[in-house]
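Everything below concerns the one structure shown next.
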Amino acid sequence: MKRAVFIGGGPAGLFGAILLKKALPDAKVEVYERNRPDDTFGWGVVFSDQTMSGFRAADPQSHDAIVGDFHHWDDIDVHFRGETIRSGGHGFCGIGRRRLLNIFQERACSLGVEQHFQAEINELTPLADADLIVASDGVNSKVRTRHAEVFQPDIAVGKCRFIWLGTRQKFAAFTFAFEKTEHGWFQIHAYQFSEDVSTVIVETREETWRAHGLDGYTTERSIAFCEALFAKYLDGQQLLSNANHLRGSAWLNFNRVLCAQWHHRNIVLIGDAAHTAHFGIGSGTKLAMEDAMSLVSRVASASDVQAGLQIYQAERSLEALKLQSAARNRMEWFENVARYSNLEPRQFAYALLTGSQRIGHANLKLRDSGFVEGYERWLARRSGVYDAARPPMFLPFRLANMELANRVVVSPMAQYQAADGIPGDWHLMHYGARAVGGAGLLFTEMTCVSATGRITPGCTGLWNEAQRDAWRRIVEFVHAQSAAKFCLQIGHSGRKGSTQLGWERMDYPLASGNWPLLAPSAIPYLAGVSQIPQAMTRSDMDEVRDDFVRCARLALDAGFDMLELHLAHGYLLGSFLSPLTNQRQDEFGGDIAARLRFPLEVFSAVRAVWPRERALSARISACDWAQGGLSEKDLLAIAAALKHAGADVLDVSTGQTVAEQQPVYGRMWQTPFADKVRNEIGIPTIAVGNIFEADHVNSIIAAGRADLCALARPHLSNPAWTLSAAAEQKFQEQVWPDPYLSGKSQLERNMERAAQADAAVGPV
């Protein structure tokens, strides 16, 4: 490589130029920056202690110069509703953005990097002889815009407005402060990055910003408004702006940017040009500089620059997605402060600290054990446990008159082992093993209310006395041998019925012996493959409603502690709720109130026969993961209606409504929907979806995102998952079956040895 050009002289461009010049001393490396050397938007840059170790290895000289100017702190303060909650051990360091740029400029100059300031690059033609053109020109990248059809940027605009300010006020900790106005909440993100200067970012919802008239304010008037609102945190110090060079309002929306393609011929994107991370997570500069490190390592020694660029994108795009997922979680948390404003200050602070889902309960305890142990004691007292702190997953919980020993739920898992709907020995073994495995609540698979309401021939049912008696046998075993409570989930397959077993060709019709299907509209699940269902008549609705009522009465006779109606996943009742599957023109189709009418009729009929002292739940799909599907407004309307109709808890899942869905998977990926319903509607929720670690359960429960956590696959591989989690966390109050007690002591010893071995080795 003979010539490399970096367009944009921010941290990513300068650091990349430094590393490339070090790797290729004979190459001509240039940086073109549109602004002057000391021009910069923003005030301070934050890094974690862990981040800096990577920079040291890449360029010790830059690292040492940065560290020499660092302001370091460990604590986070959360000011909310008159209380200050402090958590320590977080290990942050800050530096002025201008000082960081000056350090990189000086280091680049010492290596022979050519730097051109006030140099606007509008055309790439003059750079035609460059072997590599690096677009490090930020979130509004002109290079990315010029080749948008190749880079395919996905840009989403945040719901908040923010203004980036400075102050001479010194903050002892990274400070979050929240103030409520007549139009909504404002918050500040504030941190000290030098001996005498701090950053203060003021943020609020767009509608709150407009309601206060801030869209018509000058920068000076906006600053005066913010100074008055947050005066008690500023101790008489003024707020300052260095954004006078900006055109229009100094208030901005955050743009989440992610490009499908990061390179084109010899042009490559790094940093904010390729992806952005919300300032609430404080990792945008880190991500950009790590891009630079990866890019240089892949192209400097490559004989084929294109091959190096492909490896660079493959390597960094996954990391960017992970960080963007965490940043999105944190951004949405701050966008929805009003949702959490009814939480007690301690829980509000805990929810903020873990809002990105990168930091969980165990990690927070590692950082500040005193904070977490005090919080656990507080949670325990709120749950009626006064003897000692305990992991949040082992807190008791009451639903109606049912007391659960802990917050772990064995999620419904189809077994496809029934004959004529009758559960047999397999089901006795399956449910019995998981009941003695320690979970507080055990769910059956979706049990169908009629023979023609089955998904497959192997599905369990409850429409006759033989099935009732078979279920009673299992219920009595669970009650006799465990402390678990037992919930029957009931449903009707709708257009997804009469299909093959789950390990055969799922969702495909049976080769023979198919039965007729019902649905709100005559739309097959798999176009050209699935059977076309019959659009339900009023008579059909009456029959189905009565099937659910009969099933509920039989469930009561069988002795179940709890009942759940399946209103999700594109089965019959869920198909009424989604506009993608309900295209009726009568009173049961149209807006969400009309689409709710029949599912609500069924739920209310069941509630009328299911005793109030026994919990009644509904499983709902919070979204369809498909264009034109359920909206957030629809979700909240559904949840509110079910609460009003007598639901004690909502089991919040998503999708499986239409075959063309496009879910966004990840750890705890459906929990935000349970969080939204719980904290906006005010009803207990069950979180589901890739929850597989005890730390996930602890974090979700402790933050108030849900009241219970349902795990499916972990319970398939380990029926005693809850017992294992108790042993791992040294929770002695968990009930074990007497015949298994010797296994308890051995498991605890083995886990203790493993923990000691990990501690001896140290972090990898």
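Every chain in the structure tokens takes a letter, A first, then B, and so on in the order presented; its residues are numbered from 1, and the ligands are numbered from 1 following the presented order.
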Shell of 9 Å around range 335-351 of chain A, only C-alpha atoms, local chain residues under 6 positions omitted, as a VMD selection string: chain A and resid 77 to 87 158 to 160 178 184 to 187 203 to 205 372 375 378 to 379 676 679 to 680 699 to 700 702 to 705
Which residues, written as an mmCIF file with N, CA and C atoms, in the first residue's frame, have at least one atom at most 8 Å from range 745-749 of chain A, with only C-alpha atoms counted and residues fewer than 5 positions away on the same chain left out?
```cif
data_model
loop_
_atom_site.group_PDB
_atom_site.id
_atom_site.type_symbol
_atom_site.label_atom_id
_atom_site.label_comp_id
_atom_site.auth_asym_id
_atom_site.auth_seq_id
_atom_site.Cartn_x
_atom_site.Cartn_y
_atom_site.Cartn_z
ATOM 1 N N SER A 724 -30.192 -26.375 40.373
ATOM 2 C CA SER A 724 -28.801 -26.059 40.028
ATOM 3 C C SER A 724 -28.494 -24.586 40.276
ATOM 4 N N ALA A 727 -28.037 -23.981 43.980
ATOM 5 C CA ALA A 727 -26.731 -24.447 44.457
ATOM 6 C C ALA A 727 -25.618 -23.493 44.033
ATOM 7 N N GLU A 728 -25.702 -23.024 42.807
ATOM 8 C CA GLU A 728 -24.681 -22.111 42.298
ATOM 9 C C GLU A 728 -24.627 -20.821 43.115
ATOM 10 N N LYS A 730 -25.683 -20.551 46.259
ATOM 11 C CA LYS A 730 -25.615 -20.883 47.682
ATOM 12 C C LYS A 730 -26.900 -20.491 48.417
#
```
Selection near Ser301 in chain A, 9 Å with only C-alpha atoms, sequence-local residues under 4 positions removed, as number ranges by chain: A: 23-24, 296-297, 305, 308
Non-local contacts of range 237-239 of chain A (12 Å; only C-alpha atoms; under 5 positions in same chain excluded) as a ChimeraX atom specification: /A:43,163-171,190,196-202,219-232
With C-alpha atoms kept, could you save the residues just selected as a PDB file, in the first residue's frame?
```pdb
ATOM      1  CA  TRP A  43     -17.141  18.191  25.579  1.00  0.00           C
ATOM      2  CA  ILE A 163     -28.432  19.275  23.930  1.00  0.00           C
ATOM      3  CA  TRP A 164     -24.730  18.733  24.674  1.00  0.00           C
ATOM      4  CA  LEU A 165     -23.382  21.283  27.147  1.00  0.00           C
ATOM      5  CA  GLY A 166     -20.512  21.868  29.541  1.00  0.00           C
ATOM      6  CA  THR A 167     -20.135  23.375  33.003  1.00  0.00           C
ATOM      7  CA  ARG A 168     -17.519  24.328  35.582  1.00  0.00           C
ATOM      8  CA  GLN A 169     -19.470  22.357  38.182  1.00  0.00           C
ATOM      9  CA  LYS A 170     -17.497  19.358  39.440  1.00  0.00           C
ATOM     10  CA  PHE A 171     -19.380  16.069  39.709  1.00  0.00           C
ATOM     11  CA  ALA A 190     -23.284  14.527  33.585  1.00  0.00           C
ATOM     12  CA  ASP A 196     -12.472  21.858  36.230  1.00  0.00           C
ATOM     13  CA  VAL A 197     -14.902  21.013  33.395  1.00  0.00           C
ATOM     14  CA  SER A 198     -17.810  18.566  33.117  1.00  0.00           C
ATOM     15  CA  THR A 199     -20.140  17.431  30.375  1.00  0.00           C
ATOM     16  CA  VAL A 200     -23.887  17.884  30.865  1.00  0.00           C
ATOM     17  CA  ILE A 201     -26.230  16.317  28.312  1.00  0.00           C
ATOM     18  CA  VAL A 202     -29.855  17.355  28.778  1.00  0.00           C
ATOM     19  CA  THR A 219     -29.300  28.284  22.195  1.00  0.00           C
ATOM     20  CA  GLU A 220     -28.906  30.928  24.908  1.00  0.00           C
ATOM     21  CA  ARG A 221     -32.546  30.683  25.963  1.00  0.00           C
ATOM     22  CA  SER A 222     -32.398  26.880  25.948  1.00  0.00           C
ATOM     23  CA  ILE A 223     -29.363  27.011  28.224  1.00  0.00           C
ATOM     24  CA  ALA A 224     -31.188  29.340  30.618  1.00  0.00           C
ATOM     25  CA  PHE A 225     -34.142  26.908  30.711  1.00  0.00           C
ATOM     26  CA  CYS A 226     -31.832  23.970  31.519  1.00  0.00           C
ATOM     27  CA  GLU A 227     -29.949  25.952  34.166  1.00  0.00           C
ATOM     28  CA  ALA A 228     -33.194  26.755  35.959  1.00  0.00           C
ATOM     29  CA  LEU A 229     -34.520  23.197  35.732  1.00  0.00           C
ATOM     30  CA  PHE A 230     -31.324  21.541  37.026  1.00  0.00           C
ATOM     31  CA  ALA A 231     -30.105  24.369  39.284  1.00  0.00           C
ATOM     32  CA  LYS A 232     -29.813  22.189  42.394  1.00  0.00           C
TER      33      LYS A 232
END
```
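Rounded to one decimal, CA of Arg550 in chain A and CA of Ala519 in chain A lie 20.2 Å from each other.
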Selection: 10 Å around range 292-295 of chain A, only C-alpha atoms, excl. self and same-chain fewer than 6 positions, as a ChimeraX atom specification: /A:11-20,54-55,58-59,134,136,268-271,286,308-313,315-316
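Between Ala706 in chain A and the candidates A:Ala320, A:Ala618, A:Ala674, A:Ile281, the tightest atom-to-atom separation, counting only C-alpha atoms, involves A:Ala674.
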Selection: 8 Å around Ala555 in chain A, only C-alpha atoms, excl. self and same-chain fewer than 6 positions, as a VMD selection string: chain A and resid 462 468 488 563
Output N, CA and C atoms for every residue in that selection, as an mmCIF file, in the first residue's frame.
```
data_model
loop_
_atom_site.group_PDB
_atom_site.id
_atom_site.type_symbol
_atom_site.label_atom_id
_atom_site.label_comp_id
_atom_site.auth_asym_id
_atom_site.auth_seq_id
_atom_site.Cartn_x
_atom_site.Cartn_y
_atom_site.Cartn_z
ATOM 1 N N LEU A 462 -58.325 -31.390 26.417
ATOM 2 C CA LEU A 462 -59.164 -31.487 27.606
ATOM 3 C C LEU A 462 -60.580 -31.118 27.199
ATOM 4 N N ARG A 468 -59.606 -35.554 31.389
ATOM 5 C CA ARG A 468 -59.592 -34.939 32.722
ATOM 6 C C ARG A 468 -58.945 -35.858 33.743
ATOM 7 N N LEU A 488 -52.539 -24.952 33.676
ATOM 8 C CA LEU A 488 -52.962 -25.538 32.405
ATOM 9 C C LEU A 488 -53.114 -24.422 31.379
ATOM 10 N N LEU A 563 -54.949 -21.235 35.340
ATOM 11 C CA LEU A 563 -55.355 -21.454 33.953
ATOM 12 C C LEU A 563 -54.808 -20.313 33.097
#
```
Residue neighbourhood Ala511 in chain A, 10 Å, only C-alpha atoms, exclusion window fewer than 6 positions, as a PyMOL selection string: chain A and resi 498-500
For those residues, write C-alpha atoms to a file as an mmCIF file, in the first residue's frame.
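Result file is again-v2.cif:
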```cif
data_model
loop_
_atom_site.group_PDB
_atom_site.id
_atom_site.type_symbol
_atom_site.label_atom_id
_atom_site.label_comp_id
_atom_site.auth_asym_id
_atom_site.auth_seq_id
_atom_site.Cartn_x
_atom_site.Cartn_y
_atom_site.Cartn_z
ATOM 1 C CA SER A 498 -54.033 -30.361 11.436
ATOM 2 C CA THR A 499 -50.246 -30.354 10.942
ATOM 3 C CA GLN A 500 -47.348 -32.748 11.355
#
```
A:Pro520, A:Gly453, A:Gly682, A:Pro611 ranked by distance to Asp707 in chain A, top pick (using only C-alpha atoms):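 Closest to Asp707 in chain A, using only C-alpha atoms: A:Gly682.
Minimum distance to Arg495 in chain A across A:Met429, A:Leu364, A:Leu214, A:Ile523 (counting only C-alpha atoms) occurs at A:Ile523.
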Interatomic distance, CA of Gln729 in chain A to CA of Arg407 in chain A (Å, one decimal):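 Spanning CA of Gln729 in chain A to CA of Arg407 in chain A is a straight-line distance of 15.0 Å.
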A:Asp215, A:Asp131, A:Asp651, A:Asp154 ranked by distance to Asn255 in chain A, top pick (using only C-alpha atoms):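 Closest to Asn255 in chain A of all the choices is A:Asp154.
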Shortest interatomic distance to Phe151 in chain A - which of A:Ala260, A:Val46, A:Ile683, A:Ala639, counting only C-alpha atoms: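 Checking each candidate against Phe151 in chain A, we get A:Ala260 as the closest.
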Test item, helix (DSSP H, G or I) assignment across range 628-685 of chain A, answer as a PyMOL selection string: chain A and resi 632-644+671-681
Any chance you could export the current selection's C-alpha atoms as a PDB file, in the first residue's frame?
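Writing the result to part23.pdb gives the following:
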```pdb
ATOM      1  CA  GLU A 632     -47.618  -0.682  20.293  1.00  0.00           C
ATOM      2  CA  LYS A 633     -50.992   1.018  20.677  1.00  0.00           C
ATOM      3  CA  ASP A 634     -52.717  -2.294  19.870  1.00  0.00           C
ATOM      4  CA  LEU A 635     -50.582  -4.106  22.442  1.00  0.00           C
ATOM      5  CA  LEU A 636     -51.460  -1.687  25.213  1.00  0.00           C
ATOM      6  CA  ALA A 637     -55.150  -1.828  24.301  1.00  0.00           C
ATOM      7  CA  ILE A 638     -55.103  -5.640  24.440  1.00  0.00           C
ATOM      8  CA  ALA A 639     -53.299  -5.672  27.777  1.00  0.00           C
ATOM      9  CA  ALA A 640     -55.603  -3.062  29.322  1.00  0.00           C
ATOM     10  CA  ALA A 641     -58.718  -4.906  28.134  1.00  0.00           C
ATOM     11  CA  LEU A 642     -57.517  -8.234  29.557  1.00  0.00           C
ATOM     12  CA  LYS A 643     -56.634  -6.591  32.867  1.00  0.00           C
ATOM     13  CA  HIS A 644     -60.118  -5.084  33.040  1.00  0.00           C
ATOM     14  CA  THR A 671     -38.362  -9.034  27.837  1.00  0.00           C
ATOM     15  CA  PRO A 672     -38.803  -5.373  26.758  1.00  0.00           C
ATOM     16  CA  PHE A 673     -42.385  -6.189  25.760  1.00  0.00           C
ATOM     17  CA  ALA A 674     -43.170  -7.674  29.187  1.00  0.00           C
ATOM     18  CA  ASP A 675     -41.518  -4.609  30.709  1.00  0.00           C
ATOM     19  CA  LYS A 676     -43.689  -2.261  28.648  1.00  0.00           C
ATOM     20  CA  VAL A 677     -46.946  -4.010  29.546  1.00  0.00           C
ATOM     21  CA  ARG A 678     -46.085  -4.341  33.236  1.00  0.00           C
ATOM     22  CA  ASN A 679     -45.000  -0.776  33.794  1.00  0.00           C
ATOM     23  CA  GLU A 680     -47.434   1.029  31.510  1.00  0.00           C
ATOM     24  CA  ILE A 681     -50.602  -0.978  32.143  1.00  0.00           C
TER      25      ILE A 681
END
```
